[in-house]
Amino acid sequence: MLELKDFCFTIEKDGEPVNLVDRVNLKVPSGHFMAIVGPSGCGKTTLLNTIAGLNHMSEGSIFWHGRDLEEEGDLEPAELGYVPQFSIAYDALTVDESIEAVTRLRVKTRDLDDLDLRIDRVLEETGLTAIADRQVKVLSGGQKRRLGLAMELVTDPKLLLCDEVTSGLDPRSERDIVRRLHELSRRDGRIVISVTHSLAHLELYDSILVLHEGRVAYHGPPSGLTHYFSVDDTESIYPRLAKQSSEKWRRSWLKHGPAFYNKIERNRQKLIDEGKLNIPEEPKVEDPTDTEDTPPPTEDIKLDETDLLDAFEEELDNEDGKKSRRNKRKRSKVKAAPVEELEPSTEIEDDEDLVREEPEPVCTPGFFSQFATLLGRRTKIFFRDRGQVFLQVAILLCFPCLVALFGPQGNEALLQYPDAIEFTSQDAVKEMQTIGENRAKVGGAVSGIIMFQVVLLALMGSNNAAREVAGERKILEKEKFGGVRPFAYLCSKIAFLSCMILVQSVWMAIFVEQFWQYPEAAGTAGFFDHLTFLILINAAMTSICLGISSLMKTSEQASLLSIYLVGFQLPLSGAVLALPEFVGQITRPFISAYWAWAGSIESLDNRYQAAVKTVTDTPLESSGTICLYVLGIQIAVGLIASYIGMRRHQWSH
Ligand SMILES: Nc1ncnc2c1ncn2[C@@H]1O[C@H](COP(=O)(O)OP(=O)(O)OP(=O)(O)O)[C@@H](O)[C@H]1O
């Protein structure tokens, strides 16, 4: 049983509190299929999200089988399934792979057979078996919704919340989904709550909750809807709702709620007696008006309350289609059709299958298991996306080629000043001038080649990470909600991006080395120091852009900010033009390119260092270790920002 008492979700608008969900009192017994309907913007999704815990309840209480979730802790991720409006599967994966990944992330399975059994079960329950090896990107809208459903069913949730899973579907697919949800509510006492725009197929639900401006206007069986609202058909309900205030509707429902609950309970009891609901006996539903005084009947609405209740009760006893006392009114389009009269779905199991063994409690897998699954999935998605692979390979090959073009300039021999300088002849002056020009030229080329490598690797780093989290934010939010640890997610990103960083940086250093020999000091490991700085600049930009990607709301914002960040690296590094001293002191700590450039120059042969210094007025950091530390700090800051961003709740529907 799910029970809401004076359940509110409040926001601040212009400094005033506004209840988007207002004092909702509700009881939903086990094995129940409920629809939430109402005009656009009435708060259906907000109510669903607040029940799910995605919005924090402002007031009231929520009970799950008598347990106060606010005080005694939330539902376990496995107990709750939430099917959002958007697709939660990666286009590049197949149906089977998507379900497998989500099972591995959310369920600690005993062995591979157990995993296979689970996957096969949900494929069958959602009618996806025949298309299990099809890629998500080629699925129809209805198939994608069923996949979303399948991905939630892997944990066998006891409470399944669906947000407009039928919107935009053709009538056949819509009916198919509603029918499946109906079937799912008949198993293991599962409660299925579905927000829907559609007023079709309401007869498949056990109860309908009508919301108006965040308040309950009705909650009862579908058969009572038109009577309650004194309308001829369900389409007329919304115009009718608008005729009086939501507060009056709320009060009216509080008055009549008990009769409707009795009917819900009687219907349910009937299903149990007929063996169509395999749930344990539940205590009788109590009067929902216990929570507040029953208000006086509403006067504006011209409903004779006693009449209405009588008519309603009479109709309850007339499910075979006999006319009620209000027989002058046309029959509702949502005539209560007993579930057993509905045409059977070919893809739904027989009733005998509904009685299943008590499932084992589902445990969330550990960190390493989630990490391995996330990493495996990320790698698979990368290699499946041919466009992405092609782009990465093109960048990998072209960028070092661009740098190599300048190799010959950097290879030019560095002329030496004579030990004793005598400006006695014009030739000597000319020679000194030539040496000076040569030093400036070689120094400029060496500095330029290093900075070119650094900037291109910074660009690669930004390209690696800018969309990495923001591009899949919704899926991340959904998976966090399902029990995925943000730290496992972060580590999987670190592992995946580290491979990219190593390949790009090592290849850049080795390829360029073939055309321009790094002038390291004799007897030192200058080239490896340079390689380390190339790896670090790529890692720093990747890490910072990963942080940006995690903190930004959209991938467009993240990409734009990352591009600006790379764009500022070259001018603010001071490698081309020296910045005014005070500006340089302020900006330098944040410019990764400066530290990688300065660190690499520090590992050059002394003569080349001196040559570089002749072409730049920017003060060069004389300790490579400090450059290493600064880049290390930048990487750490980026990762911390990434973690904070990944943990942060950014659910949007
Ligand atoms: N976090 C929020 N902050 C401010 N306003 C919000 C927030 N969440 C929802 N709203 C507003 O609350 C109202 C109800 O939104 P909700 O999405 O729940 O409606 P709905 O009934 O599901 O609508 P629809 O049927 O069009 O999807 C809307 O006006 C929406 O703009």
# chains A, B, ... in the order shown; residues from 1 in each chain; ligands from 1
>>> residues_around(residues="segment 74-82 of chain A", least_positions_apart="2", cutoff="9 Å", atoms="only C-alpha atoms", output="ChimeraX atom specification")
/A:49,52-53,64,68-72,84,106-107,149,151-163,361-364,478,481-483
>>> residues_near_ligand(ligand="ligand 1", cutoff="7 Å", atoms="only C-alpha atoms and all ligand atoms", output="mmCIF file with C-alpha atoms, in the first residue's frame")
data_model
loop_
_atom_site.group_PDB
_atom_site.id
_atom_site.type_symbol
_atom_site.label_atom_id
_atom_site.label_comp_id
_atom_site.auth_asym_id
_atom_site.auth_seq_id
_atom_site.Cartn_x
_atom_site.Cartn_y
_atom_site.Cartn_z
ATOM 1 C CA ILE A 11 8.169 26.191 -4.745
ATOM 2 C CA LEU A 20 2.451 22.675 -7.182
ATOM 3 C CA GLY A 38 -5.539 16.211 -15.678
ATOM 4 C CA PRO A 39 -5.138 19.278 -17.856
ATOM 5 C CA SER A 40 -1.668 20.235 -19.024
ATOM 6 C CA GLY A 41 0.355 21.859 -16.266
ATOM 7 C CA CYS A 42 -1.891 20.606 -13.447
ATOM 8 C CA GLY A 43 1.070 18.962 -11.727
ATOM 9 C CA LYS A 44 0.867 15.319 -12.812
ATOM 10 C CA THR A 45 4.592 14.907 -13.422
ATOM 11 C CA THR A 46 5.410 16.959 -10.353
ATOM 12 C CA LEU A 47 3.259 14.664 -8.211
ATOM 13 C CA HIS A 197 -2.419 12.792 -21.246
#
>>> atom_distance(atom1="atom CA of Glu203 of chain A", atom2="atom CA of Leu169 of chain A")
18.4 Å
>>> residues_around(residues="Lys137 of chain A", least_positions_apart="6", cutoff="8 Å", atoms="only C-alpha atoms", output="list of chain:residue names")
A:Tyr90, A:Asp91, A:Ala92
>>> residues_around(residues="Gly127 of chain A", least_positions_apart="2", cutoff="9 Å", atoms="only C-alpha atoms", output="list in words")
Val122, Leu123, Glu124, Glu125, Thr129, Ala130, Ile131, Gln143, Arg146, Glu347 and Ile348 of chain A
>>> write_last_selection(atoms="N, CA and C atoms", output="tab-separated table (two decimals), in the first residue's frame")
chain	number	residue	atom	x	y	z
A	122	VAL	N	12.45	-10.04	-18.69
A	122	VAL	CA	11.93	-8.70	-19.00
A	122	VAL	C	11.72	-8.52	-20.51
A	123	LEU	N	12.56	-9.19	-21.30
A	123	LEU	CA	12.34	-9.12	-22.75
A	123	LEU	C	10.97	-9.70	-23.09
A	124	GLU	N	10.65	-10.80	-22.41
A	124	GLU	CA	9.38	-11.45	-22.68
A	124	GLU	C	8.21	-10.61	-22.15
A	125	GLU	N	8.38	-10.11	-20.93
A	125	GLU	CA	7.30	-9.32	-20.33
A	125	GLU	C	6.95	-8.08	-21.16
A	129	THR	N	11.47	-9.70	-27.10
A	129	THR	CA	12.35	-10.84	-27.41
A	129	THR	C	12.73	-10.89	-28.88
A	130	ALA	N	11.75	-10.67	-29.74
A	130	ALA	CA	12.00	-10.82	-31.18
A	130	ALA	C	12.94	-9.75	-31.72
A	131	ILE	N	13.06	-8.64	-31.02
A	131	ILE	CA	13.91	-7.56	-31.54
A	131	ILE	C	15.07	-7.28	-30.58
A	143	GLN	N	8.38	0.88	-29.35
A	143	GLN	CA	9.40	-0.10	-28.93
A	143	GLN	C	10.37	0.55	-27.94
A	146	ARG	N	8.76	0.60	-24.64
A	146	ARG	CA	8.77	-0.73	-24.02
A	146	ARG	C	10.16	-1.06	-23.50
A	347	GLU	N	1.20	-11.12	-26.70
A	347	GLU	CA	2.55	-11.14	-26.13
A	347	GLU	C	2.55	-11.18	-24.61
A	348	ILE	N	1.35	-11.27	-24.03
A	348	ILE	CA	1.30	-11.27	-22.58
A	348	ILE	C	1.06	-12.69	-22.08
>>> closest_residue(among="A:Phe568, A:Asn463, A:Lys441, A:Ala404", to="Leu391 of chain A", atoms="only C-alpha atoms")
A:Asn463
>>> closest_residue(among="A:Gly599, A:Gly376, A:Gly257, A:Gly15", to="Ala495 of chain A", atoms="only C-alpha atoms")
A:Gly376
>>> closest_residue(among="A:Ser198, A:Asn411, A:Asn464, A:Gln453", to="Trp507 of chain A", atoms="only C-alpha atoms")
A:Gln453
>>> closest_residue(among="A:Gly645, A:Ala428, A:Arg215, A:Asp113", to="Asp22 of chain A", atoms="only C-alpha atoms")
A:Arg215
>>> atom_distance(atom1="atom CA of Arg240 of chain A", atom2="atom CA of Leu209 of chain A")
15.4 Å
